[in-house]
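Listing of model.txt, compact mmCIF, C-alpha atoms
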```txt
# COMPACT_ATOMS: atom_id res chain seq x y z
CA MET A 1 42.64 31.85 -123.00
CA THR A 2 43.09 31.39 -119.23
CA LYS A 3 42.00 34.96 -118.53
CA ARG A 4 38.97 34.56 -120.80
CA TYR A 5 38.03 31.32 -119.07
CA GLY A 6 38.46 32.68 -115.56
CA LEU A 7 37.93 31.40 -112.06
CA ARG A 8 34.21 32.23 -112.09
CA VAL A 9 33.49 29.91 -115.00
CA HIS A 10 35.56 27.17 -113.37
CA LEU A 11 33.73 27.51 -110.05
CA ALA A 12 30.30 27.74 -111.70
CA GLY A 13 30.87 24.51 -113.59
CA ALA A 14 32.33 22.81 -110.52
CA VAL A 15 29.47 23.73 -108.23
CA THR A 16 26.81 22.66 -110.75
CA ALA A 17 28.40 19.26 -111.36
CA ARG A 18 29.06 18.71 -107.69
CA VAL A 19 25.51 19.59 -106.67
CA GLY A 20 24.37 16.87 -109.05
CA ASP A 21 26.94 14.48 -107.61
CA GLU A 22 26.01 15.22 -104.00
CA MET A 23 22.36 14.78 -104.95
CA SER A 24 22.95 11.46 -106.68
CA GLY A 25 24.27 9.69 -103.57
CA PRO A 26 21.24 10.31 -101.31
CA ALA A 27 18.91 9.80 -104.29
CA LEU A 28 20.41 6.38 -105.03
CA LEU A 29 20.26 5.48 -101.35
CA LEU A 30 16.59 6.50 -101.12
CA ALA A 31 15.80 4.72 -104.39
CA GLY A 32 17.43 1.53 -103.18
CA LEU A 33 15.62 1.76 -99.86
CA ALA A 34 12.26 2.33 -101.58
CA LEU A 35 12.85 -0.51 -104.05
CA THR A 36 14.16 -3.17 -101.66
CA GLY A 37 12.99 -1.99 -98.24
CA THR A 38 16.29 -3.02 -96.61
CA ALA A 39 19.31 -0.95 -95.59
CA VAL A 40 21.68 -3.71 -96.72
CA GLU A 41 20.68 -3.61 -100.40
CA ALA A 42 20.21 0.16 -100.38
CA SER A 43 23.76 0.64 -99.09
CA SER A 44 25.06 -1.84 -101.68
CA LEU A 45 23.66 0.36 -104.47
CA LEU A 46 25.44 3.41 -103.07
CA ALA A 47 28.64 1.42 -102.53
CA ALA A 48 28.54 0.00 -106.07
CA SER A 49 28.37 3.49 -107.56
CA ALA A 50 31.46 4.49 -105.60
CA VAL A 51 33.72 1.44 -105.48
CA ALA A 52 34.52 1.46 -109.21
CA ALA A 53 36.36 4.75 -108.72
CA ALA A 54 39.37 2.75 -107.52
CA LEU A 55 39.89 1.65 -111.14
CA GLY A 56 38.47 4.66 -112.96
CA GLY A 57 40.36 7.39 -111.10
CA PRO A 58 43.97 6.55 -112.03
CA ALA A 59 43.06 5.84 -115.65
CA LEU A 60 41.12 9.09 -115.95
CA GLY A 61 43.96 11.03 -114.34
CA ALA A 62 46.49 9.58 -116.78
CA LEU A 63 44.32 10.60 -119.72
CA LEU A 64 43.85 14.12 -118.32
CA ASP A 65 47.61 14.54 -117.82
CA ARG A 66 48.37 13.51 -121.39
CA SER A 67 45.50 15.30 -123.12
CA ASP A 68 46.10 18.54 -125.00
CA ARG A 69 42.43 19.42 -124.39
CA PRO A 70 41.70 18.04 -120.89
CA GLY A 71 38.47 20.00 -120.72
CA ARG A 72 36.90 18.02 -123.55
CA LEU A 73 37.91 14.76 -121.91
CA LEU A 74 36.44 16.02 -118.64
CA ALA A 75 33.21 16.94 -120.43
CA GLY A 76 33.01 13.44 -121.90
CA ALA A 77 33.39 11.94 -118.42
CA LEU A 78 30.61 14.16 -117.08
CA ALA A 79 28.34 13.14 -119.97
CA GLY A 80 29.01 9.47 -119.24
CA TYR A 81 28.25 9.93 -115.56
CA ALA A 82 24.97 11.72 -116.28
CA ALA A 83 23.92 9.09 -118.81
CA GLY A 84 24.66 6.32 -116.32
CA LEU A 85 22.45 7.93 -113.69
CA VAL A 86 19.58 8.24 -116.17
CA LEU A 87 19.90 4.57 -117.12
CA ILE A 88 19.89 3.52 -113.45
CA ALA A 89 16.77 5.58 -112.80
CA GLY A 90 15.00 3.99 -115.75
CA ALA A 91 16.02 0.49 -114.67
CA LEU A 92 14.80 0.77 -111.08
CA GLY A 93 11.91 -1.63 -110.57
CA ARG A 94 12.14 -2.90 -114.15
CA LEU A 95 15.41 -4.89 -114.20
CA PRO A 96 16.88 -7.31 -111.66
CA PHE A 97 18.70 -5.61 -108.82
CA SER A 98 21.97 -7.32 -109.78
CA VAL A 99 21.82 -5.67 -113.21
CA ILE A 100 21.24 -2.27 -111.59
CA LEU A 101 24.27 -2.84 -109.36
CA ALA A 102 26.39 -3.56 -112.45
CA MET A 103 25.15 -0.34 -114.07
CA ALA A 104 26.09 1.59 -110.92
CA VAL A 105 29.61 0.13 -111.06
CA VAL A 106 30.08 1.23 -114.69
CA THR A 107 28.76 4.71 -113.88
CA GLY A 108 31.11 5.04 -110.94
CA LEU A 109 34.19 4.56 -113.13
CA VAL A 110 34.11 8.24 -114.13
CA GLY A 111 33.00 9.52 -110.72
CA PRO A 112 36.43 11.05 -109.87
CA ALA A 113 35.95 13.50 -112.76
CA LEU A 114 33.55 15.50 -110.57
CA SER A 115 36.02 15.83 -107.71
CA GLY A 116 39.73 15.31 -108.30
CA GLY A 117 39.57 15.55 -112.08
CA TRP A 118 38.03 19.02 -111.96
CA THR A 119 40.16 20.34 -109.10
CA ALA A 120 43.36 19.21 -110.81
CA GLN A 121 42.63 21.72 -113.60
CA LEU A 122 42.45 24.66 -111.18
CA PRO A 123 46.02 25.95 -111.83
CA ARG A 124 45.16 26.15 -115.54
CA ALA A 125 42.27 28.48 -114.73
CA VAL A 126 44.04 30.81 -112.27
CA GLY A 127 47.78 30.23 -112.55
CA GLY A 128 50.01 29.69 -109.52
CA GLY A 129 51.23 31.78 -106.60
CA GLU A 130 49.09 33.16 -103.79
CA GLY A 131 46.09 33.31 -106.11
CA LEU A 132 46.07 29.54 -106.16
CA ASP A 133 45.78 29.40 -102.35
CA ARG A 134 42.60 31.47 -102.39
CA ALA A 135 41.23 29.67 -105.45
CA ASN A 136 41.88 26.35 -103.76
CA ALA A 137 39.79 27.36 -100.74
CA LEU A 138 37.04 28.65 -103.02
CA ASP A 139 37.08 25.39 -104.96
CA ALA A 140 36.72 23.48 -101.69
CA MET A 141 33.72 25.72 -100.90
CA THR A 142 31.96 24.39 -103.99
CA PHE A 143 31.82 21.03 -102.21
CA GLY A 144 30.16 22.80 -99.29
CA VAL A 145 27.60 24.43 -101.56
CA ALA A 146 26.98 21.10 -103.26
CA GLY A 147 26.67 19.34 -99.92
CA LEU A 148 24.12 21.94 -98.86
CA ALA A 149 21.96 21.88 -101.99
CA GLY A 150 22.33 18.27 -103.11
CA PRO A 151 20.72 16.44 -100.16
CA VAL A 152 17.92 19.03 -99.92
CA LEU A 153 17.11 18.57 -103.60
CA ALA A 154 17.35 14.80 -103.27
CA GLY A 155 15.06 14.66 -100.25
CA GLY A 156 12.56 17.14 -101.68
CA ALA A 157 12.45 15.51 -105.12
CA ALA A 158 12.08 12.07 -103.57
CA GLU A 159 9.19 13.25 -101.40
CA LEU A 160 7.38 15.02 -104.26
CA LEU A 161 8.25 13.01 -107.36
CA GLY A 162 9.75 9.77 -106.13
CA ALA A 163 13.33 8.57 -105.69
CA PRO A 164 13.93 7.66 -109.39
CA ALA A 165 13.00 11.22 -110.40
CA ALA A 166 15.55 12.52 -107.88
CA VAL A 167 18.22 10.42 -109.60
CA VAL A 168 17.26 11.87 -113.00
CA LEU A 169 17.39 15.43 -111.65
CA SER A 170 20.90 14.81 -110.34
CA ALA A 171 21.93 13.68 -113.84
CA VAL A 172 20.50 16.87 -115.36
CA LEU A 173 22.58 19.02 -113.01
CA VAL A 174 25.76 17.13 -113.91
CA ALA A 175 25.00 17.63 -117.60
CA LEU A 176 24.58 21.39 -117.11
CA ALA A 177 28.29 21.62 -116.24
CA LEU A 178 29.36 20.32 -119.66
CA PRO A 179 29.95 23.77 -121.27
CA ALA A 180 32.27 24.90 -118.46
CA ALA A 181 34.30 21.70 -118.77
CA TRP A 182 34.40 21.77 -122.59
CA THR A 183 35.80 25.33 -122.70
CA LEU A 184 38.57 24.71 -120.15
CA PRO A 185 41.88 26.16 -121.47
CA ALA A 186 43.98 23.87 -123.65
CA ARG A 187 47.62 23.12 -123.05
CA THR A 188 49.96 25.43 -124.92
CA ALA A 189 53.60 25.10 -125.83
CA GLY A 190 54.52 27.77 -123.28
CA VAL A 191 52.92 26.09 -120.29
CA ARG A 192 53.05 22.42 -121.21
CA GLY A 193 56.05 21.61 -119.01
CA PRO A 194 57.59 18.15 -118.89
CA ARG A 195 55.71 15.42 -120.65
CA PRO A 196 54.03 13.07 -118.19
CA ALA A 197 54.97 9.43 -117.86
CA PRO A 198 53.26 6.98 -120.19
CA SER A 199 49.75 6.11 -119.18
CA GLY A 200 50.65 2.47 -118.79
CA ALA A 201 53.01 3.38 -115.93
CA ALA A 202 50.50 5.69 -114.26
CA PRO A 203 49.62 3.53 -111.23
CA ALA A 204 53.27 2.93 -110.32
CA CYS A 205 54.15 6.59 -110.83
CA VAL A 206 51.31 7.82 -108.64
CA VAL A 207 52.01 5.30 -105.89
CA ARG A 208 55.67 6.33 -105.81
CA VAL A 209 54.77 10.01 -105.70
CA ILE A 210 52.19 9.64 -102.92
CA ALA A 211 54.24 7.21 -100.82
CA GLY A 212 57.49 9.09 -101.37
CA ARG A 213 56.19 12.44 -100.09
CA PRO A 214 55.37 12.11 -96.37
CA ALA A 215 52.95 15.04 -96.22
CA LEU A 216 51.00 13.75 -99.22
CA ALA A 217 50.98 10.18 -97.91
CA ARG A 218 49.78 11.28 -94.48
CA ALA A 219 47.00 13.46 -95.87
CA THR A 220 45.89 10.73 -98.29
CA LEU A 221 45.73 8.06 -95.58
CA THR A 222 43.91 10.34 -93.15
CA SER A 223 41.33 11.29 -95.79
CA ILE A 224 40.69 7.64 -96.70
CA VAL A 225 40.04 6.59 -93.10
CA SER A 226 37.83 9.63 -92.54
CA ALA A 227 35.90 8.75 -95.70
CA VAL A 228 35.17 5.29 -94.31
CA ALA A 229 33.50 6.92 -91.30
CA GLN A 230 31.61 9.38 -93.52
CA GLY A 231 30.29 6.50 -95.64
CA MET A 232 28.98 4.78 -92.54
CA VAL A 233 27.25 7.92 -91.28
CA THR A 234 25.70 8.57 -94.72
CA VAL A 235 24.05 5.14 -94.72
CA CYS A 236 22.69 5.86 -91.24
CA VAL A 237 21.11 9.14 -92.36
CA PRO A 238 17.81 7.78 -93.80
CA LEU A 239 17.42 5.46 -90.82
CA LEU A 240 18.03 8.35 -88.43
CA GLY A 241 15.45 10.39 -90.34
CA THR A 242 12.88 7.62 -90.03
CA ARG A 243 13.56 7.01 -86.35
CA VAL A 244 14.03 10.58 -85.08
CA LEU A 245 12.59 12.97 -87.69
CA GLY A 246 9.65 10.99 -89.04
CA GLY A 247 10.80 10.26 -92.59
CA ALA A 248 13.77 8.96 -94.58
CA GLY A 249 13.64 11.95 -96.94
CA ARG A 250 13.90 14.33 -93.99
CA GLY A 251 16.96 12.43 -92.85
CA ALA A 252 18.69 13.12 -96.16
CA MET A 253 18.35 16.82 -95.43
CA LEU A 254 20.59 16.38 -92.39
CA LEU A 255 23.49 16.28 -94.82
CA SER A 256 22.63 19.86 -95.74
CA CYS A 257 23.08 20.85 -92.10
CA ALA A 258 26.65 19.59 -92.33
CA ALA A 259 27.11 21.47 -95.59
CA VAL A 260 26.06 24.79 -93.99
CA THR A 261 28.84 24.73 -91.42
CA ALA A 262 31.28 23.18 -93.89
CA LEU A 263 30.69 26.13 -96.19
CA ALA A 264 31.10 28.63 -93.35
CA ALA A 265 34.27 27.01 -92.02
CA THR A 266 35.80 26.81 -95.50
CA ALA A 267 34.92 30.47 -96.11
CA VAL A 268 36.98 31.36 -93.05
CA LEU A 269 39.91 29.41 -94.49
CA ALA A 270 39.47 31.22 -97.81
CA ARG A 271 39.76 34.52 -95.93
CA PHE A 272 42.84 33.33 -94.01
CA PRO A 273 44.30 30.55 -96.18
CA ARG A 274 47.58 30.30 -94.25
CA ALA A 275 46.35 30.75 -90.69
CA LEU A 276 47.00 27.07 -89.84
CA PRO A 277 49.20 24.46 -91.52
CA PRO A 278 47.02 22.11 -93.57
CA GLU A 279 48.58 19.12 -91.79
CA THR A 280 47.26 20.40 -88.47
CA VAL A 281 43.81 20.91 -89.96
CA MET A 282 43.71 17.33 -91.26
CA GLY A 283 44.23 15.75 -87.84
CA ALA A 284 42.01 18.15 -85.90
CA SER A 285 39.12 17.74 -88.35
CA ALA A 286 39.12 13.97 -87.83
CA LEU A 287 38.57 14.52 -84.09
CA VAL A 288 35.69 16.89 -84.85
CA LEU A 289 34.08 14.25 -87.06
CA ALA A 290 34.42 11.71 -84.26
CA ALA A 291 32.66 14.05 -81.84
CA SER A 292 29.83 14.66 -84.33
CA SER A 293 29.04 10.97 -84.90
CA ALA A 294 29.15 10.39 -81.14
CA LEU A 295 26.65 13.21 -80.63
CA ALA A 296 24.33 11.63 -83.23
CA LEU A 297 23.85 8.72 -80.80
CA TRP A 298 21.47 10.92 -78.80
CA PRO A 299 18.02 10.20 -80.36
CA HIS A 300 16.69 13.75 -80.18
CA PRO A 301 16.01 16.06 -83.16
CA ALA A 302 18.00 18.96 -81.73
CA ALA A 303 20.98 16.74 -80.89
CA LEU A 304 20.85 15.19 -84.35
CA VAL A 305 20.89 18.56 -86.10
CA ALA A 306 23.72 19.74 -83.83
CA ALA A 307 25.71 16.61 -84.65
CA PHE A 308 25.55 17.24 -88.38
CA LEU A 309 26.29 20.93 -87.96
CA LEU A 310 29.43 19.89 -86.06
CA ALA A 311 30.29 17.39 -88.77
CA GLY A 312 30.50 20.20 -91.31
CA VAL A 313 33.08 22.01 -89.17
CA GLY A 314 35.30 18.98 -89.68
CA GLU A 315 34.48 18.11 -93.28
CA GLY A 316 34.94 21.50 -94.93
CA PRO A 317 38.38 22.42 -93.54
CA GLN A 318 39.64 18.87 -94.00
CA LEU A 319 38.82 18.96 -97.70
CA ALA A 320 40.44 22.38 -98.18
CA ALA A 321 43.57 21.20 -96.34
CA LEU A 322 43.72 18.05 -98.45
CA PHE A 323 43.54 20.05 -101.68
CA ALA A 324 46.22 22.46 -100.43
CA ILE A 325 48.61 19.59 -99.71
CA ARG A 326 47.95 17.95 -103.08
CA HIS A 327 48.54 21.21 -104.99
CA ARG A 328 51.76 21.78 -103.04
CA GLU A 329 53.17 18.26 -103.33
CA ALA A 330 51.99 16.98 -106.72
CA PRO A 331 54.40 17.34 -109.68
CA ASP A 332 52.94 19.17 -112.66
CA GLY A 333 53.33 16.18 -114.97
CA LEU A 334 51.39 13.92 -112.58
CA ARG A 335 48.99 16.41 -111.06
CA GLY A 336 45.87 14.97 -112.67
CA ARG A 337 46.79 11.44 -111.63
CA VAL A 338 47.55 12.46 -108.05
CA PHE A 339 44.18 14.20 -107.72
CA THR A 340 42.08 11.53 -109.41
CA THR A 341 43.88 8.68 -107.65
CA GLY A 342 43.46 10.44 -104.32
CA ALA A 343 39.78 10.98 -105.09
CA SER A 344 39.46 7.33 -106.09
CA LEU A 345 41.01 6.12 -102.85
CA LYS A 346 38.78 8.42 -100.83
CA ILE A 347 35.65 7.36 -102.71
CA THR A 348 36.65 3.73 -102.22
CA GLY A 349 36.98 4.36 -98.49
CA PHE A 350 33.51 5.91 -98.54
CA ALA A 351 32.17 2.87 -100.42
CA LEU A 352 33.77 0.51 -97.92
CA GLY A 353 32.17 2.41 -95.05
CA ALA A 354 28.79 2.39 -96.78
CA ALA A 355 28.98 -1.34 -97.46
CA LEU A 356 30.01 -2.06 -93.86
CA ALA A 357 27.31 0.18 -92.37
CA GLY A 358 24.42 -1.55 -94.14
CA PRO A 359 24.47 -4.83 -92.19
CA VAL A 360 25.69 -3.17 -88.98
CA ALA A 361 22.89 -0.57 -89.06
CA SER A 362 20.33 -3.27 -89.79
CA TRP A 363 21.47 -5.02 -86.63
CA SER A 364 21.90 -1.85 -84.52
CA LEU A 365 21.77 1.77 -85.67
CA PRO A 366 23.58 3.04 -82.53
CA GLY A 367 26.19 0.32 -83.10
CA ALA A 368 26.91 1.67 -86.59
CA LEU A 369 27.37 5.19 -85.20
CA VAL A 370 29.72 3.88 -82.51
CA VAL A 371 31.84 2.16 -85.16
CA ALA A 372 31.88 5.36 -87.23
CA THR A 373 33.06 7.30 -84.20
CA GLY A 374 35.88 4.83 -83.65
CA VAL A 375 36.96 5.02 -87.28
CA SER A 376 37.15 8.85 -87.11
CA VAL A 377 39.29 8.59 -83.98
CA LEU A 378 41.49 6.15 -85.89
CA ALA A 379 41.92 8.74 -88.66
CA ALA A 380 43.21 11.26 -86.12
CA VAL A 381 45.53 8.66 -84.60
CA VAL A 382 46.86 7.76 -88.06
CA SER A 383 47.59 11.42 -88.80
CA LEU A 384 49.46 11.88 -85.52
CA ALA A 385 51.24 8.51 -85.62
CA VAL A 386 52.54 8.92 -89.16
CA ARG A 387 53.72 12.43 -88.36
CA CYS A 388 55.56 11.26 -85.23
CA THR A 389 57.11 8.34 -87.13
CA ARG A 390 58.35 10.70 -89.81
CA ARG A 391 59.97 12.98 -87.22
CA ALA A 392 61.65 10.03 -85.54
CA CYS A 393 63.04 8.85 -88.86
CA VAL A 394 64.36 12.31 -89.66
CA ARG A 395 66.18 12.48 -86.31
CA GLY A 396 67.56 8.98 -86.69
CA ARG A 397 69.04 9.15 -90.18
CA PRO A 398 70.08 11.66 -92.83
CA PRO A 399 67.53 12.63 -95.49
CA VAL A 400 67.43 10.58 -98.65
CA GLY A 401 68.07 12.43 -101.89
CA ARG A 402 65.29 12.67 -104.44
```
Translate this file's structure into structure tokens.
Amino acid sequence: MTKRYGLRVHLAGAVTARVGDEMSGPALLLAGLALTGTAVEASSLLAASAVAAALGGPALGALLDRSDRPGRLLAGALAGYAAGLVLIAGALGRLPFSVILAMAVVTGLVGPALSGGWTAQLPRAVGGGEGLDRANALDAMTFGVAGLAGPVLAGGAAELLGAPAAVVLSAVLVALALPAAWTLPARTAGVRGPRPAPSGAAPACVVRVIAGRPALARATLTSIVSAVAQGMVTVCVPLLGTRVLGGAGRGAMLLSCAAVTALAATAVLARFPRALPPETVMGASALVLAASSALALWPHPAALVAAFLLAGVGEGPQLAALFAIRHREAPDGLRGRVFTTGASLKITGFALGAALAGPVASWSLPGALVVATGVSVLAAVVSLAVRCTRRACVRGRPPVGR
């Protein structure tokens, strides 16, 4: 069944769903901005759609780990996400904004299905060994493709058809990935492995696994802090477009500039998957992201495009390195929970950054970019500090048995 399913089907479904997901964020931000006219409420709509992942991710991961047909559960999550986006689009301008925020929270509960939930199934599509290293880099490239196409489609659809139509189009793309998810290989007696822990104990199990494995803990913490900075920059994008490029929709297309270089940088890693340790890539990419947000302070179109091109050089390799560490460190029986919980924490960091950037950017757009730069520097410091602390502990005491 795995051979019949194949990596191509897995990647095709992943890229389609993720294009819709990457399109939904800018579309919701543009819709909120068009509806309310303020960056604070627009950012709150984006944050609401992301913050619920903190609850939805671990629960979804537990269900995926225990399901004999995880693909069908994944398809159901995608269908729920697409339906939620359609309902939000229909409610814009017709229902109170507080009701729309509540709908965005409910929709966000299954958001990790499009990221960690799908990637966690990668070993079932390709098996293990060196093939998994290459497949992991290719899977990370789907985020680059989605980041390239999603904002362009969101900005173009918003300009031509209006922001609510852009939200609906993102839902259609997510729904197109349902067949690939539904046909994902089932668990079989020969590859089932140890039975995962009960779903009720999932949060404690995942916390112990992540905290108890230094490489996984370091990568998770670095990715969360970096996501806070990325959430801040994303909220600044429409404002940068209005101020520098002449339109909020044009600003959304800046995210595609980042996706171009993210895709190129990740393609290099796919060609040489073991050229650098993923831990080194995690810390270095945070510094690149800091440099990109600092460059965006220069209010010139060329500088702005260059800043987002540089951002992609950091984002793409960081994501591939994060996936490599998760695949290496996560136990088979908890793999789904590790991926979806990690995705939830990262999405929550993004939501926190988006919520913080709204009022800060309303007060001062350069001030929001300065804060984002500082947060990216903090991510690099966290990566280095935790690594140094771990080495000091290893020198100071004998290793603890598992």
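With only the atoms specified (only C-alpha atoms) counting, those residues at most 7 Å away from (32.8, 18.2, -106.5) are Ala14, Val15, Ala17, Arg18, Leu114, Ser115, Thr142 and Phe143 of chain A.
Computed from the coordinates, the CA of Ala284 (chain A) to CA of Val371 (chain A) distance equals 19.0 Å.
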Selected residue, from A:Ala296, A:Val172, A:Leu64, A:Ala135, that lies nearest to Val86 (chain A) when counting all atoms listed in the file: A:Val172
Up to 10 Å from (31.0, 6.2, -89.8) in the file's coordinates: name the residues, counting only C-alpha atoms, as a PDB file with C-alpha atoms, in the coordinates of the input.
```
ATOM      1  CA  VAL A 225      40.040   6.590 -93.100  1.00  0.00           C
ATOM      2  CA  SER A 226      37.830   9.630 -92.540  1.00  0.00           C
ATOM      3  CA  ALA A 227      35.900   8.750 -95.700  1.00  0.00           C
ATOM      4  CA  VAL A 228      35.170   5.290 -94.310  1.00  0.00           C
ATOM      5  CA  ALA A 229      33.500   6.920 -91.300  1.00  0.00           C
ATOM      6  CA  GLN A 230      31.610   9.380 -93.520  1.00  0.00           C
ATOM      7  CA  GLY A 231      30.290   6.500 -95.640  1.00  0.00           C
ATOM      8  CA  MET A 232      28.980   4.780 -92.540  1.00  0.00           C
ATOM      9  CA  VAL A 233      27.250   7.920 -91.280  1.00  0.00           C
ATOM     10  CA  THR A 234      25.700   8.570 -94.720  1.00  0.00           C
ATOM     11  CA  VAL A 235      24.050   5.140 -94.720  1.00  0.00           C
ATOM     12  CA  CYS A 236      22.690   5.860 -91.240  1.00  0.00           C
ATOM     13  CA  LEU A 289      34.080  14.250 -87.060  1.00  0.00           C
ATOM     14  CA  ALA A 290      34.420  11.710 -84.260  1.00  0.00           C
ATOM     15  CA  SER A 293      29.040  10.970 -84.900  1.00  0.00           C
ATOM     16  CA  ALA A 294      29.150  10.390 -81.140  1.00  0.00           C
ATOM     17  CA  PHE A 350      33.510   5.910 -98.540  1.00  0.00           C
ATOM     18  CA  GLY A 353      32.170   2.410 -95.050  1.00  0.00           C
ATOM     19  CA  ALA A 354      28.790   2.390 -96.780  1.00  0.00           C
ATOM     20  CA  LEU A 356      30.010  -2.060 -93.860  1.00  0.00           C
ATOM     21  CA  ALA A 357      27.310   0.180 -92.370  1.00  0.00           C
ATOM     22  CA  ALA A 368      26.910   1.670 -86.590  1.00  0.00           C
ATOM     23  CA  LEU A 369      27.370   5.190 -85.200  1.00  0.00           C
ATOM     24  CA  VAL A 370      29.720   3.880 -82.510  1.00  0.00           C
ATOM     25  CA  VAL A 371      31.840   2.160 -85.160  1.00  0.00           C
ATOM     26  CA  ALA A 372      31.880   5.360 -87.230  1.00  0.00           C
ATOM     27  CA  THR A 373      33.060   7.300 -84.200  1.00  0.00           C
ATOM     28  CA  GLY A 374      35.880   4.830 -83.650  1.00  0.00           C
ATOM     29  CA  VAL A 375      36.960   5.020 -87.280  1.00  0.00           C
ATOM     30  CA  SER A 376      37.150   8.850 -87.110  1.00  0.00           C
TER      31      SER A 376
END
```
Selection near region 308-311 of chain A, 9 Å with all atoms listed in the file, sequence-local residues under 3 positions removed, as a list of chain:residue names: A:Leu254, A:Leu255, A:Ser256, A:Cys257, A:Ala258, A:Ala259, A:Val260, A:Thr261, A:Ala262, A:Ser285, A:Val288, A:Leu289, A:Ala290, A:Ala291, A:Ser292, A:Ser293, A:Leu295, A:Ala296, A:Ala303, A:Leu304, A:Val305, A:Gly314, A:Glu315, A:Gly316
Could you write out that same residue set with C-alpha atoms as an mmCIF file, keeping the file's coordinate frame?
```cif
data_model
loop_
_atom_site.group_PDB
_atom_site.id
_atom_site.type_symbol
_atom_site.label_atom_id
_atom_site.label_comp_id
_atom_site.auth_asym_id
_atom_site.auth_seq_id
_atom_site.Cartn_x
_atom_site.Cartn_y
_atom_site.Cartn_z
ATOM 1 C CA LEU A 254 20.590 16.380 -92.390
ATOM 2 C CA LEU A 255 23.490 16.280 -94.820
ATOM 3 C CA SER A 256 22.630 19.860 -95.740
ATOM 4 C CA CYS A 257 23.080 20.850 -92.100
ATOM 5 C CA ALA A 258 26.650 19.590 -92.330
ATOM 6 C CA ALA A 259 27.110 21.470 -95.590
ATOM 7 C CA VAL A 260 26.060 24.790 -93.990
ATOM 8 C CA THR A 261 28.840 24.730 -91.420
ATOM 9 C CA ALA A 262 31.280 23.180 -93.890
ATOM 10 C CA SER A 285 39.120 17.740 -88.350
ATOM 11 C CA VAL A 288 35.690 16.890 -84.850
ATOM 12 C CA LEU A 289 34.080 14.250 -87.060
ATOM 13 C CA ALA A 290 34.420 11.710 -84.260
ATOM 14 C CA ALA A 291 32.660 14.050 -81.840
ATOM 15 C CA SER A 292 29.830 14.660 -84.330
ATOM 16 C CA SER A 293 29.040 10.970 -84.900
ATOM 17 C CA LEU A 295 26.650 13.210 -80.630
ATOM 18 C CA ALA A 296 24.330 11.630 -83.230
ATOM 19 C CA ALA A 303 20.980 16.740 -80.890
ATOM 20 C CA LEU A 304 20.850 15.190 -84.350
ATOM 21 C CA VAL A 305 20.890 18.560 -86.100
ATOM 22 C CA GLY A 314 35.300 18.980 -89.680
ATOM 23 C CA GLU A 315 34.480 18.110 -93.280
ATOM 24 C CA GLY A 316 34.940 21.500 -94.930
#
```
Pick from A:Ser67, A:Ser344, A:Thr16, A:Ser383 nearest to Gly111 (chain A), counting only C-alpha atoms: A:Ser344
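CA of Gly108 (chain A) lies 28.2 Å from CA of Ala215 (chain A).
Using all atoms listed in the file, the shortest contact distance between Leu28 (chain A) and any of A:Pro179, A:Gly336, A:Gly162, A:Pro331 is found at A:Gly162.
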Residue with smallest distance to Ala137 (chain A) - pool A:Ile325, A:Val152, A:Ala186, A:Leu365, counting all atoms listed in the file: A:Ile325
Please provide the set of residues having any atom within 12 Å of Trp118 (chain A), restricted to all atoms listed in the file, with same-chain residues fewer than 4 positions apart removed, written as a compact mmCIF listing (two decimals) with C-alpha atoms, in the coordinates of the input.
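Contents of the output file out29.txt:
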```
# COMPACT_ATOMS: atom_id res chain seq x y z
CA HIS A 10 35.56 27.17 -113.37
CA LEU A 11 33.73 27.51 -110.05
CA ALA A 12 30.30 27.74 -111.70
CA GLY A 13 30.87 24.51 -113.59
CA ALA A 14 32.33 22.81 -110.52
CA VAL A 15 29.47 23.73 -108.23
CA THR A 16 26.81 22.66 -110.75
CA ALA A 17 28.40 19.26 -111.36
CA ARG A 18 29.06 18.71 -107.69
CA GLY A 57 40.36 7.39 -111.10
CA LEU A 60 41.12 9.09 -115.95
CA GLY A 61 43.96 11.03 -114.34
CA LEU A 64 43.85 14.12 -118.32
CA PRO A 70 41.70 18.04 -120.89
CA GLY A 71 38.47 20.00 -120.72
CA ARG A 72 36.90 18.02 -123.55
CA LEU A 73 37.91 14.76 -121.91
CA LEU A 74 36.44 16.02 -118.64
CA ALA A 75 33.21 16.94 -120.43
CA ALA A 77 33.39 11.94 -118.42
CA LEU A 78 30.61 14.16 -117.08
CA VAL A 110 34.11 8.24 -114.13
CA GLY A 111 33.00 9.52 -110.72
CA PRO A 112 36.43 11.05 -109.87
CA ALA A 113 35.95 13.50 -112.76
CA LEU A 114 33.55 15.50 -110.57
CA LEU A 122 42.45 24.66 -111.18
CA PRO A 123 46.02 25.95 -111.83
CA ARG A 124 45.16 26.15 -115.54
CA ALA A 125 42.27 28.48 -114.73
CA ASN A 136 41.88 26.35 -103.76
CA ASP A 139 37.08 25.39 -104.96
CA ALA A 140 36.72 23.48 -101.69
CA THR A 142 31.96 24.39 -103.99
CA PHE A 143 31.82 21.03 -102.21
CA ALA A 177 28.29 21.62 -116.24
CA LEU A 178 29.36 20.32 -119.66
CA ALA A 180 32.27 24.90 -118.46
CA ALA A 181 34.30 21.70 -118.77
CA TRP A 182 34.40 21.77 -122.59
CA LEU A 184 38.57 24.71 -120.15
CA PHE A 323 43.54 20.05 -101.68
CA ARG A 335 48.99 16.41 -111.06
CA GLY A 336 45.87 14.97 -112.67
CA ARG A 337 46.79 11.44 -111.63
CA PHE A 339 44.18 14.20 -107.72
CA THR A 340 42.08 11.53 -109.41
CA ALA A 343 39.78 10.98 -105.09
```
Ser44 (chain A) environment, 12 Å, only C-alpha atoms, sequence neighbours closer than 2 positions dropped, as a PyMOL selection string: chain A and resi 25+28-33+36+38-42+46-51+97-98+100-102+104-105+231-232+235+350-359
